[in-house]
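**Student:** My structure is stored as entry-v3.cif, with mmCIF, C-alpha atoms and all ligand atoms.
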data_entry
loop_
_atom_site.label_atom_id
_atom_site.label_comp_id
_atom_site.auth_asym_id
_atom_site.auth_seq_id
_atom_site.Cartn_x
_atom_site.Cartn_y
_atom_site.Cartn_z
CA MET A 1 -61.60 -44.07 26.66
CA ALA A 2 -61.19 -42.78 23.13
CA MET A 3 -58.31 -44.07 21.09
CA ASP A 4 -56.12 -41.29 19.78
CA GLU A 5 -56.78 -40.69 16.06
CA ALA A 6 -53.17 -41.39 15.12
CA MET A 7 -53.33 -44.68 16.98
CA MET A 8 -56.42 -45.73 15.00
CA GLN A 9 -54.68 -45.10 11.69
CA LEU A 10 -51.67 -46.92 12.94
CA SER A 11 -53.67 -49.97 13.90
CA GLY A 12 -54.98 -50.19 10.31
CA LYS A 13 -51.37 -50.28 9.11
CA TRP A 14 -50.35 -52.93 11.63
CA PHE A 15 -53.00 -55.37 10.54
CA HIS A 16 -52.10 -54.88 6.93
CA ALA A 17 -48.43 -55.49 7.70
CA LEU A 18 -49.20 -58.51 9.89
CA GLY A 19 -51.51 -60.08 7.30
CA ILE A 20 -54.26 -60.65 9.88
CA SER A 21 -57.63 -59.04 10.49
CA GLN A 22 -58.34 -56.72 13.38
CA ALA A 23 -60.74 -59.35 14.74
CA GLN A 24 -58.03 -62.04 14.76
CA PHE A 25 -55.65 -59.68 16.50
CA ALA A 26 -58.21 -58.70 19.15
CA ALA A 27 -58.95 -62.37 19.90
CA ASN A 28 -55.28 -63.09 20.60
CA PRO A 29 -52.82 -60.20 20.35
CA TYR A 30 -50.24 -61.80 22.65
CA PRO A 31 -48.00 -63.64 20.13
CA VAL A 32 -47.55 -60.36 18.22
CA TYR A 33 -46.89 -58.30 21.35
CA ARG A 34 -44.43 -60.92 22.64
CA HIS A 35 -42.56 -60.92 19.35
CA TRP A 36 -42.37 -57.12 19.37
CA GLN A 37 -41.18 -57.06 22.96
CA GLN A 38 -38.46 -59.60 22.17
CA THR A 39 -37.29 -57.76 19.05
CA SER A 40 -37.63 -54.05 20.00
CA PRO A 41 -39.37 -53.17 23.26
CA ILE A 42 -39.03 -49.43 22.57
CA LYS A 43 -40.30 -49.25 19.02
CA GLU A 44 -40.63 -46.34 16.61
CA LEU A 45 -43.62 -47.36 14.52
CA ALA A 46 -43.68 -44.24 12.36
CA PRO A 47 -42.21 -40.75 12.74
CA GLY A 48 -43.50 -39.36 16.05
CA GLN A 49 -45.28 -42.64 16.97
CA TRP A 50 -43.63 -44.83 19.58
CA MET A 51 -44.65 -48.06 21.26
CA ILE A 52 -43.35 -49.27 24.64
CA LEU A 53 -43.70 -52.91 25.71
CA ASN A 54 -41.47 -53.58 28.77
CA TYR A 55 -43.13 -53.45 32.20
CA HIS A 56 -40.53 -51.19 33.80
CA ASP A 57 -40.52 -48.68 30.92
CA VAL A 58 -44.35 -48.56 30.80
CA ARG A 59 -44.54 -48.03 34.55
CA THR A 60 -41.83 -45.33 34.47
CA ILE A 61 -43.62 -43.37 31.72
CA LEU A 62 -46.97 -43.54 33.56
CA MET A 63 -45.32 -41.95 36.60
CA ASP A 64 -43.06 -39.44 34.82
CA ASP A 65 -44.37 -35.90 34.40
CA ARG A 66 -42.29 -35.40 31.25
CA PHE A 67 -45.06 -37.48 29.63
CA ILE A 68 -48.49 -35.85 29.63
CA LYS A 69 -51.96 -36.20 28.09
CA ARG A 70 -52.76 -34.61 24.75
CA THR A 71 -55.82 -32.53 25.71
CA PRO A 72 -58.48 -32.02 23.02
CA VAL A 73 -60.16 -28.63 22.50
CA PRO A 74 -63.61 -28.08 24.09
CA ARG A 75 -66.49 -29.28 21.86
CA THR A 76 -69.50 -27.24 20.83
CA PRO A 77 -72.66 -29.38 20.71
CA PRO A 78 -74.36 -29.95 17.31
CA PRO A 79 -77.42 -27.74 16.48
CA LYS A 80 -79.93 -30.41 17.64
CA PHE A 81 -78.43 -30.20 21.14
CA HIS A 82 -77.86 -26.44 21.19
CA THR A 83 -79.19 -26.13 24.77
CA LEU A 84 -76.16 -28.07 26.06
CA PRO A 85 -73.12 -26.15 27.30
CA VAL A 86 -69.75 -26.37 25.51
CA LEU A 87 -68.14 -29.63 26.61
CA SER A 88 -64.80 -29.27 28.36
CA PRO A 89 -62.25 -32.13 28.30
CA SER A 90 -62.64 -34.72 31.06
CA MET A 91 -60.10 -35.63 33.76
CA LEU A 92 -58.95 -38.60 31.65
CA VAL A 93 -57.45 -36.29 29.03
CA THR A 94 -56.40 -33.25 31.10
CA ASN A 95 -53.17 -32.47 32.95
CA PRO A 96 -52.59 -30.71 36.27
CA PRO A 97 -53.88 -28.33 37.52
CA ASP A 98 -57.24 -29.08 35.77
CA HIS A 99 -56.81 -32.81 36.26
CA THR A 100 -56.08 -32.41 39.98
CA ARG A 101 -59.13 -30.17 40.49
CA LEU A 102 -61.52 -32.47 38.59
CA ARG A 103 -60.28 -35.69 40.16
CA SER A 104 -60.39 -34.33 43.70
CA LEU A 105 -64.11 -33.61 43.30
CA VAL A 106 -65.01 -37.28 42.85
CA ASN A 107 -62.12 -39.04 44.56
CA ARG A 108 -63.95 -39.56 47.84
CA ALA A 109 -66.94 -41.30 46.27
CA PHE A 110 -64.62 -43.99 44.88
CA GLN A 111 -62.71 -44.75 48.07
CA PRO A 112 -63.26 -48.33 49.34
CA LYS A 113 -64.91 -47.14 52.58
CA HIS A 114 -67.46 -45.06 50.71
CA LEU A 115 -68.15 -47.79 48.17
CA GLU A 116 -69.11 -50.31 50.85
CA ARG A 117 -72.65 -48.93 50.91
CA LEU A 118 -73.04 -50.14 47.30
CA ARG A 119 -72.15 -53.75 48.14
CA PRO A 120 -75.71 -54.92 49.05
CA TYR A 121 -77.10 -53.23 45.92
CA ILE A 122 -74.53 -54.93 43.65
CA ALA A 123 -75.19 -58.32 45.26
CA GLU A 124 -78.97 -57.93 44.89
CA LEU A 125 -78.69 -56.82 41.27
CA ALA A 126 -76.34 -59.70 40.40
CA GLY A 127 -78.85 -62.09 42.03
CA GLU A 128 -81.78 -60.68 40.01
CA LEU A 129 -79.91 -60.82 36.69
CA LEU A 130 -78.77 -64.36 37.46
CA ASP A 131 -82.29 -65.53 38.37
CA SER A 132 -83.55 -64.77 34.92
CA PHE A 133 -80.38 -66.18 33.28
CA VAL A 134 -80.84 -69.42 35.20
CA ASN A 135 -84.60 -69.58 34.50
CA ASN A 136 -83.79 -69.36 30.79
CA GLY A 137 -81.32 -72.24 31.15
CA GLY A 138 -78.47 -69.88 30.17
CA GLY A 139 -77.87 -67.45 27.31
CA ASN A 140 -75.27 -64.90 26.24
CA LEU A 141 -73.52 -64.01 29.48
CA VAL A 142 -72.26 -60.71 28.08
CA GLU A 143 -75.69 -59.36 27.20
CA ASP A 144 -77.56 -60.87 30.15
CA TYR A 145 -75.12 -60.31 33.00
CA ALA A 146 -71.67 -58.82 32.32
CA PHE A 147 -73.07 -55.79 30.46
CA PRO A 148 -76.10 -54.73 32.54
CA LEU A 149 -74.46 -55.19 35.94
CA PRO A 150 -71.83 -52.38 35.72
CA ALA A 151 -74.23 -50.11 33.79
CA LEU A 152 -76.84 -50.30 36.53
CA VAL A 153 -74.27 -49.94 39.29
CA ILE A 154 -72.89 -46.70 37.84
CA ALA A 155 -76.48 -45.49 37.28
CA GLU A 156 -77.15 -46.06 40.99
CA LEU A 157 -73.96 -44.30 42.01
CA LEU A 158 -74.68 -41.26 39.84
CA GLY A 159 -78.31 -41.13 40.94
CA VAL A 160 -80.12 -42.07 37.72
CA PRO A 161 -83.74 -42.76 38.82
CA ALA A 162 -84.93 -46.36 38.47
CA LYS A 163 -87.62 -45.36 35.93
CA ASP A 164 -84.95 -44.08 33.50
CA ARG A 165 -82.61 -47.04 33.72
CA SER A 166 -83.83 -48.87 30.62
CA LEU A 167 -83.29 -45.70 28.55
CA PHE A 168 -79.90 -45.31 30.20
CA ARG A 169 -79.02 -48.91 29.42
CA SER A 170 -80.02 -48.72 25.77
CA LEU A 171 -78.10 -45.48 25.21
CA SER A 172 -75.00 -46.86 26.87
CA GLN A 173 -75.29 -50.02 24.74
CA LYS A 174 -75.21 -47.87 21.59
CA ILE A 175 -72.28 -45.89 22.93
CA ALA A 176 -70.37 -49.12 23.58
CA LEU A 177 -70.76 -50.04 19.88
CA MET A 178 -69.33 -46.67 18.91
CA ILE A 179 -66.11 -47.55 20.75
CA ASP A 180 -65.63 -50.58 18.47
CA PRO A 181 -63.71 -49.16 15.48
CA THR A 182 -64.82 -51.90 13.06
CA GLN A 183 -68.56 -51.28 13.37
CA GLU A 184 -70.42 -50.06 10.27
CA PRO A 185 -70.26 -46.25 9.95
CA ALA A 186 -74.07 -46.07 10.40
CA ILE A 187 -73.87 -47.90 13.73
CA ARG A 188 -71.02 -45.72 14.91
CA GLN A 189 -73.05 -42.67 13.88
CA GLN A 190 -75.95 -43.98 16.02
CA GLY A 191 -73.45 -44.26 18.87
CA GLN A 192 -72.44 -40.61 18.45
CA GLU A 193 -76.10 -39.62 18.49
CA ALA A 194 -76.68 -41.73 21.63
CA ARG A 195 -73.73 -39.99 23.26
CA TRP A 196 -75.32 -36.57 22.73
CA GLU A 197 -78.70 -37.89 23.88
CA LEU A 198 -77.14 -39.17 27.06
CA LEU A 199 -75.40 -35.84 27.67
CA ASP A 200 -78.75 -34.14 27.12
CA TYR A 201 -80.30 -36.57 29.58
CA PHE A 202 -77.63 -35.77 32.21
CA HIS A 203 -78.18 -32.05 31.58
CA HIS A 204 -81.90 -32.37 32.38
CA LEU A 205 -81.27 -34.70 35.30
CA ALA A 206 -78.81 -32.17 36.76
CA GLN A 207 -81.39 -29.39 36.48
CA HIS A 208 -83.92 -31.58 38.31
CA LYS A 209 -81.42 -32.54 40.99
CA LYS A 210 -80.49 -28.93 41.63
CA GLN A 211 -84.02 -28.50 43.00
CA ASN A 212 -84.37 -32.02 44.42
CA PRO A 213 -80.96 -33.21 45.62
CA GLY A 214 -80.55 -36.86 46.60
CA ASP A 215 -77.85 -38.95 48.25
CA ASP A 216 -75.92 -39.52 45.03
CA LEU A 217 -72.79 -38.39 43.21
CA LEU A 218 -74.50 -36.07 40.74
CA SER A 219 -76.26 -34.20 43.59
CA ALA A 220 -72.96 -33.98 45.49
CA LEU A 221 -71.20 -32.51 42.44
CA LEU A 222 -74.00 -29.99 41.91
CA GLN A 223 -73.65 -28.89 45.49
CA VAL A 224 -69.91 -28.29 45.06
CA GLN A 225 -70.62 -26.42 41.84
CA GLY A 226 -72.98 -24.06 43.64
CA GLN A 227 -70.69 -23.46 46.61
CA GLU A 228 -67.31 -23.00 45.02
CA GLY A 229 -67.87 -22.69 41.30
CA THR A 230 -65.16 -25.29 40.81
CA LEU A 231 -66.95 -27.29 38.15
CA SER A 232 -68.37 -25.77 34.98
CA ALA A 233 -71.67 -27.02 33.53
CA GLY A 234 -69.75 -28.56 30.61
CA GLU A 235 -67.32 -30.28 32.99
CA LEU A 236 -70.18 -31.76 34.98
CA LEU A 237 -71.53 -33.37 31.83
CA THR A 238 -68.21 -34.75 30.58
CA MET A 239 -67.52 -36.05 34.09
CA SER A 240 -70.86 -37.94 34.11
CA LEU A 241 -70.20 -39.39 30.67
CA LEU A 242 -66.62 -40.36 31.58
CA LEU A 243 -67.76 -42.20 34.70
CA LEU A 244 -70.29 -44.12 32.67
CA VAL A 245 -68.02 -45.02 29.75
CA ALA A 246 -64.74 -45.59 31.62
CA GLY A 247 -66.40 -47.74 34.24
CA HIS A 248 -68.67 -49.74 32.07
CA GLU A 249 -67.23 -51.44 28.99
CA THR A 250 -64.02 -52.19 30.95
CA THR A 251 -65.82 -53.95 33.81
CA THR A 252 -68.09 -55.82 31.37
CA ASN A 253 -64.97 -57.14 29.66
CA LEU A 254 -63.33 -58.12 32.95
CA ILE A 255 -66.42 -60.12 33.97
CA SER A 256 -66.93 -61.85 30.61
CA LEU A 257 -63.25 -62.56 29.82
CA GLY A 258 -62.66 -63.63 33.41
CA THR A 259 -65.63 -66.02 33.28
CA TYR A 260 -64.31 -67.56 30.06
CA ARG A 261 -60.79 -67.92 31.51
CA LEU A 262 -62.12 -69.53 34.69
CA LEU A 263 -64.25 -71.98 32.71
CA MET A 264 -61.12 -72.92 30.77
CA THR A 265 -59.29 -73.55 34.08
CA PRO A 266 -61.58 -75.97 35.98
CA SER A 267 -58.99 -76.74 38.66
CA ALA A 268 -58.99 -73.04 39.67
CA LEU A 269 -62.79 -73.07 39.87
CA ASP A 270 -62.75 -76.15 42.09
CA GLU A 271 -60.37 -74.38 44.47
CA LEU A 272 -62.39 -71.16 44.47
CA ARG A 273 -65.57 -73.03 45.31
CA LEU A 274 -63.86 -74.65 48.29
CA ASN A 275 -62.08 -71.48 49.40
CA PRO A 276 -63.93 -68.27 48.43
CA ALA A 277 -61.19 -66.15 50.10
CA LEU A 278 -59.16 -66.87 46.96
CA TRP A 279 -61.48 -64.67 44.86
CA THR A 280 -59.38 -61.60 45.73
CA SER A 281 -56.22 -62.95 44.10
CA ALA A 282 -58.22 -64.62 41.29
CA VAL A 283 -59.68 -61.23 40.28
CA GLU A 284 -56.16 -59.71 40.24
CA GLU A 285 -54.99 -62.53 37.99
CA CYS A 286 -57.97 -61.99 35.64
CA LEU A 287 -56.96 -58.31 35.46
CA ARG A 288 -53.32 -59.19 34.71
CA PHE A 289 -53.99 -62.03 32.31
CA GLU A 290 -56.80 -60.44 30.29
CA SER A 291 -55.95 -56.68 30.65
CA PRO A 292 -59.37 -55.20 29.70
CA VAL A 293 -57.60 -51.92 28.79
CA GLN A 294 -54.79 -53.17 26.56
CA LEU A 295 -53.21 -49.87 25.56
CA ASP A 296 -52.63 -46.50 27.16
CA GLY A 297 -51.11 -43.34 25.73
CA ARG A 298 -49.07 -40.23 26.54
CA MET A 299 -47.23 -37.43 24.74
CA ALA A 300 -43.57 -36.52 25.42
CA GLN A 301 -43.34 -32.94 26.66
CA GLN A 302 -39.62 -32.79 25.92
CA ASP A 303 -36.92 -35.07 24.48
CA VAL A 304 -36.61 -38.07 26.81
CA ARG A 305 -33.87 -40.69 26.73
CA MET A 306 -35.14 -44.26 27.18
CA GLY A 307 -32.44 -46.93 27.02
CA ASP A 308 -30.35 -46.04 23.98
CA GLN A 309 -33.18 -44.21 22.21
CA ILE A 310 -34.43 -40.63 22.40
CA ILE A 311 -38.18 -40.12 22.33
CA PRO A 312 -38.55 -36.65 20.82
CA GLU A 313 -40.65 -33.80 22.18
CA GLY A 314 -44.23 -34.00 20.87
CA ALA A 315 -44.08 -37.76 20.11
CA SER A 316 -47.10 -39.94 20.86
CA VAL A 317 -46.27 -42.93 23.02
CA THR A 318 -48.45 -46.04 23.08
CA LEU A 319 -47.98 -48.08 26.25
CA VAL A 320 -48.87 -51.74 25.82
CA LEU A 321 -50.31 -52.53 29.27
CA ALA A 322 -51.31 -56.00 28.03
CA GLN A 323 -47.70 -57.00 27.30
CA ALA A 324 -46.27 -55.21 30.34
CA ASN A 325 -48.58 -57.48 32.35
CA ARG A 326 -46.96 -60.49 30.70
CA ASP A 327 -43.36 -59.32 30.89
CA PRO A 328 -41.26 -62.37 31.92
CA VAL A 329 -38.82 -60.09 33.79
CA VAL A 330 -41.57 -59.34 36.32
CA PHE A 331 -44.02 -62.26 36.09
CA SER A 332 -42.78 -65.86 36.14
CA ASN A 333 -44.56 -68.06 33.56
CA PRO A 334 -46.42 -64.95 32.34
CA ASP A 335 -48.70 -66.87 29.96
CA THR A 336 -49.95 -69.15 32.73
CA PHE A 337 -53.20 -68.18 34.50
CA ASP A 338 -52.40 -68.65 38.18
CA ILE A 339 -54.97 -67.60 40.78
CA HIS A 340 -52.32 -67.87 43.53
CA ARG A 341 -49.89 -65.44 41.87
CA HIS A 342 -48.20 -63.31 44.50
CA PRO A 343 -47.07 -60.59 44.27
CA ASN A 344 -49.16 -59.49 41.30
CA MET A 345 -48.20 -55.87 40.60
CA HIS A 346 -50.02 -55.69 37.25
CA LEU A 347 -50.62 -52.41 35.43
CA ALA A 348 -54.21 -53.17 34.35
CA PHE A 349 -55.44 -50.01 36.11
CA GLY A 350 -52.46 -47.90 34.98
CA ARG A 351 -50.25 -46.01 37.49
CA GLY A 352 -49.48 -42.45 38.52
CA ILE A 353 -51.90 -39.54 38.64
CA HIS A 354 -54.34 -41.03 36.10
CA MET A 355 -54.46 -44.46 37.76
CA CYS A 356 -57.99 -45.82 37.51
CA LEU A 357 -60.37 -43.96 39.78
CA GLY A 358 -62.80 -46.89 39.76
CA ALA A 359 -60.31 -49.67 40.58
CA SER A 360 -61.92 -50.52 43.94
CA LEU A 361 -65.40 -50.45 42.43
CA ALA A 362 -64.34 -52.70 39.53
CA ARG A 363 -62.73 -55.16 41.95
CA MET A 364 -65.86 -55.24 44.12
CA GLU A 365 -68.19 -55.72 41.14
CA ALA A 366 -66.07 -58.49 39.63
CA THR A 367 -65.69 -60.37 42.93
CA ILE A 368 -69.44 -60.29 43.56
CA ALA A 369 -70.26 -61.13 39.92
CA PHE A 370 -67.95 -64.17 39.81
CA SER A 371 -68.75 -65.56 43.24
CA GLN A 372 -72.50 -65.44 42.57
CA LEU A 373 -72.22 -66.77 39.01
CA PHE A 374 -70.08 -69.75 39.94
CA ARG A 375 -72.63 -70.98 42.45
CA TYR A 376 -73.98 -72.60 39.29
CA THR A 377 -72.40 -75.23 37.11
CA LEU A 378 -71.95 -73.70 33.69
CA GLU A 379 -70.94 -75.10 30.36
CA LEU A 380 -69.80 -73.36 27.18
CA HIS A 381 -72.36 -73.67 24.42
CA GLY A 382 -70.28 -72.68 21.38
CA ASP A 383 -67.26 -70.49 20.88
CA PRO A 384 -66.99 -67.04 22.44
CA VAL A 385 -66.97 -64.16 19.96
CA PHE A 386 -64.47 -61.34 20.53
CA ASN A 387 -65.17 -57.67 19.92
CA PRO A 388 -62.84 -56.49 17.17
CA ASN A 389 -61.51 -53.79 19.49
CA VAL A 390 -57.76 -53.70 20.20
CA LEU A 391 -57.91 -51.05 22.92
CA LEU A 392 -60.75 -52.39 25.05
CA ARG A 393 -60.39 -56.14 24.53
CA GLY A 394 -63.53 -58.08 25.33
CA LEU A 395 -66.27 -60.46 24.25
CA LYS A 396 -69.34 -59.76 22.18
CA SER A 397 -70.85 -63.07 23.19
CA LEU A 398 -70.18 -65.90 25.62
CA PRO A 399 -72.86 -68.57 25.11
CA LEU A 400 -73.39 -70.61 28.29
CA ILE A 401 -75.75 -73.33 29.49
CA VAL A 402 -76.67 -73.58 33.17
CA LYS A 403 -76.33 -77.22 34.24
CA GLY A 404 -77.53 -76.75 37.82
CA ALA A 405 -76.64 -75.23 41.18
CA GLN A 406 -73.49 -76.21 43.10
C1 LIG B 1 -58.67 -44.54 34.30
C2 LIG B 1 -58.67 -49.32 33.58
C3 LIG B 1 -63.02 -49.66 35.71
C4 LIG B 1 -63.21 -44.87 36.04
C5 LIG B 1 -58.29 -45.81 33.98
C6 LIG B 1 -56.99 -46.17 33.44
C7 LIG B 1 -57.01 -47.51 33.21
C8 LIG B 1 -58.29 -48.01 33.62
C9 LIG B 1 -55.87 -48.34 32.62
C10 LIG B 1 -55.81 -45.23 33.26
C11 LIG B 1 -55.88 -44.48 31.98
C12 LIG B 1 -54.66 -43.61 31.78
O1 LIG B 1 -53.57 -43.86 32.28
O2 LIG B 1 -54.81 -42.66 31.05
C13 LIG B 1 -59.86 -49.81 34.07
C14 LIG B 1 -60.21 -51.22 34.09
C15 LIG B 1 -61.44 -51.31 34.70
C16 LIG B 1 -61.86 -49.96 35.05
C17 LIG B 1 -59.33 -52.34 33.57
C18 LIG B 1 -62.30 -52.51 34.99
C19 LIG B 1 -61.88 -53.73 34.99
C20 LIG B 1 -63.42 -48.40 36.06
C21 LIG B 1 -64.61 -48.07 36.81
C22 LIG B 1 -64.67 -46.72 36.89
C23 LIG B 1 -63.51 -46.19 36.19
C24 LIG B 1 -65.63 -49.07 37.39
C25 LIG B 1 -65.69 -45.87 37.59
C26 LIG B 1 -66.78 -45.51 37.26
C27 LIG B 1 -62.01 -44.38 35.56
C28 LIG B 1 -61.71 -42.96 35.47
C29 LIG B 1 -60.41 -42.87 34.96
C30 LIG B 1 -59.93 -44.23 34.76
C31 LIG B 1 -62.63 -41.82 35.85
C32 LIG B 1 -59.62 -41.59 34.69
C33 LIG B 1 -58.78 -41.26 35.90
C34 LIG B 1 -57.87 -40.09 35.66
O3 LIG B 1 -57.62 -39.70 34.51
O4 LIG B 1 -57.40 -39.53 36.66
N1 LIG B 1 -59.06 -46.95 34.12
N2 LIG B 1 -60.88 -49.09 34.64
N3 LIG B 1 -62.77 -47.24 35.73
N4 LIG B 1 -60.93 -45.10 35.14
FE1 LIG B 1 -60.87 -47.09 35.00
#
In structure tokens, what does this structure look like?
Ligand code: HEM

**Tutor:**
Amino acid sequence: MAMDEAMMQLSGKWFHALGISQAQFAANPYPVYRHWQQTSPIKELAPGQWMILNYHDVRTILMDDRFIKRTPVPRTPPPKFHTLPVLSPSMLVTNPPDHTRLRSLVNRAFQPKHLERLRPYIAELAGELLDSFVNNGGGNLVEDYAFPLPALVIAELLGVPAKDRSLFRSLSQKIALMIDPTQEPAIRQQGQEARWELLDYFHHLAQHKKQNPGDDLLSALLQVQGQEGTLSAGELLTMSLLLLVAGHETTTNLISLGTYRLLMTPSALDELRLNPALWTSAVEECLRFESPVQLDGRMAQQDVRMGDQIIPEGASVTLVLAQANRDPVVFSNPDTFDIHRHPNMHLAFGRGIHMCLGASLARMEATIAFSQLFRYTLELHGDPVFNPNVLLRGLKSLPLIVKGAQ
């Protein structure tokens, strides 16, 4: 989920004005967001750059077709990857009718009924990753568990063969670093390169699957492409990359931040161990409280009145999902982590036509990941380290020791 260029420049200015580093802000942005919400919840940060912090305004904009996505132009691959087709924008950044067409091609694969067949695979994978974590007496939960689990699940769903999964994992690891705006330019450059390599990999995999289709999403998309010509070769590649990137870093962050939050709330863990049915509402509260996607964005298609302000046509609007999820008008004691919270109508997956396609998958992965992990008694072994990323908030490391089985 790429941050809009203007937004990146803006974030540099914020930190300067706030007198804090990006890393400090990413570790705990909530006091700043709360202050902004209290002082001006519809905020003009700079000409043409607006920020919205109230739950009801954020939700309204997500569902209002006067606010649309700013769609980038198609990208021509660099010379080294000249065999790749021109890359068309993905569903995440397109508007109807393209968005409707692209989303409808994959919608079915992400419906809860269809995802059920992945449940045994996710449980087995979580078990394998945990076995080695436990045998080592613990480690960095992010690297050993929260990161590989969603990467391998999406690989399975797309139909990446088992023999290629270590390549797939290392490329996606490099791409994840690219998303972190504070990484050294050389590392971000490596991420760009990895992104093209992965696209090249998908291109070859698609050619292979055309001849040898399997029971997987990539084969299903190729079949549609052949029958109806509804998906260009470039769209197939951006779709594959989107599913990997959108579904990966976000779920990693949900699992690692959620684990940290649960360890900091031992009474909740005691209850969950006695009553595993509570995992469903605990996962929703992790999503609300930690908001792995903190910010969302739209562009005003026309002048729109919001409260006593007018957001002008062409303005970029940053929607602070993280603060909307802690708006006291909607959530009582919003800064309290409460696994019994009900109702919990958080906006962690967005709303409207772009609402997260993978929400059911993310919920299933997190529930399995937590319930298997907390069969063990775990202890923090040092402070967690946050990624200095304000859009996709998450941990770089969560050092844990395994003290034994429950
Ligand atoms: C869209 C959050 C996991 C695939 C979104 C959006 C949010 C979000 C907020 C809306 C963006 C917008 O309004 O522009 C999350 C969170 C996740 C997660 C918090 C995990 C905790 C996943 C997974 C997948 C996935 C596992 C599947 C592979 C997508 C796709 C879109 C999307 C394809 C674009 C949908 C569209 O534009 O119509 N996600 N996501 N996400 N997500 Fe997720």

**Student:** Give the residue list for ligand LIG 1 (chain B) at 6 Å, counting all atoms listed in the file, as a CSV table (one decimal) with C-alpha atoms, in the coordinates of the input, sorted by chain and then by residue number.

**Tutor:**
chain,number,residue,atom,x,y,z
A,91,MET,CA,-60.1,-35.6,33.8
A,92,LEU,CA,-59.0,-38.6,31.6
A,103,ARG,CA,-60.3,-35.7,40.2
A,243,LEU,CA,-67.8,-42.2,34.7
A,244,LEU,CA,-70.3,-44.1,32.7
A,246,ALA,CA,-64.7,-45.6,31.6
A,247,GLY,CA,-66.4,-47.7,34.2
A,250,THR,CA,-64.0,-52.2,31.0
A,251,THR,CA,-65.8,-54.0,33.8
A,254,LEU,CA,-63.3,-58.1,33.0
A,292,PRO,CA,-59.4,-55.2,29.7
A,293,VAL,CA,-57.6,-51.9,28.8
A,296,ASP,CA,-52.6,-46.5,27.2
A,348,ALA,CA,-54.2,-53.2,34.4
A,349,PHE,CA,-55.4,-50.0,36.1
A,350,GLY,CA,-52.5,-47.9,35.0
A,353,ILE,CA,-51.9,-39.5,38.6
A,354,HIS,CA,-54.3,-41.0,36.1
A,355,MET,CA,-54.5,-44.5,37.8
A,356,CYS,CA,-58.0,-45.8,37.5
A,357,LEU,CA,-60.4,-44.0,39.8
A,358,GLY,CA,-62.8,-46.9,39.8
A,359,ALA,CA,-60.3,-49.7,40.6
A,361,LEU,CA,-65.4,-50.4,42.4
A,362,ALA,CA,-64.3,-52.7,39.5

**Student:** Given 8 Å on each side, where is the centre and what are the edge lengths in Å to one decimal of the axis-aligned box enclosing the listed atoms of segment 354-364 of chain A, as lines of an AutoDock Vina configuration file?

**Tutor:**
center_x = -60.1
center_y = -48.1
center_z = 40.1
size_x = 27.5
size_y = 30.2
size_z = 24.0

**Student:** Would you mind listing what lies within 10 Å of segment 65-69 of chain A as a list in words, with all atoms listed in the file counted and same-chain residues fewer than 5 positions away left out?

**Tutor:** Thr60, Met91, Leu92, Val93, Thr94, Asn95, Pro96, Gly297, Arg298, Met299, Ala300, Gln301, Gln302, Asp303, Val304, Glu313, Gly314, Ala315, Ser316, Val317, Gly352, Ile353 and His354 of chain A

**Student:** Which of these, A:Tyr201, A:Phe289, A:Trp196, A:Tyr260, has the shortest distance to Val142 of chain A once you count only C-alpha atoms?

**Tutor:**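 Ranked by minimum distance to Val142 of chain A, first place goes to A:Tyr260.
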
**Student:** For the atom pair atom CA of Pro266 of chain A and atom CA of Glu143 of chain A, what is the interatomic distance in Å to one decimal place?

**Tutor:**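 Atom-to-atom, atom CA of Pro266 of chain A and atom CA of Glu143 of chain A are spaced 23.5 Å apart.
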
**Student:** Quick one: residues within 12 Å of Ser267 of chain A, all atoms listed in the file, excluding same-chain residues fewer than 5 positions away - as a VMD selection string?

**Tutor:** chain A and resid 261 to 262 272 to 274 337 to 339

**Student:** When distances are computed from all atoms listed in the file, which of A:Glu379, A:Thr39, A:Asp215, A:Ala322 shows the smallest separation from Arg393 of chain A?

**Tutor:**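 That would be A:Ala322, the residue with the smallest distance to Arg393 of chain A.
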
**Student:** Work out how far apart atom CA of Glu249 of chain A and atom CA of Glu124 of chain A are and give it in Å to one decimal.

**Tutor:**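 Between atom CA of Glu249 of chain A and atom CA of Glu124 of chain A the gap works out to 20.8 Å.
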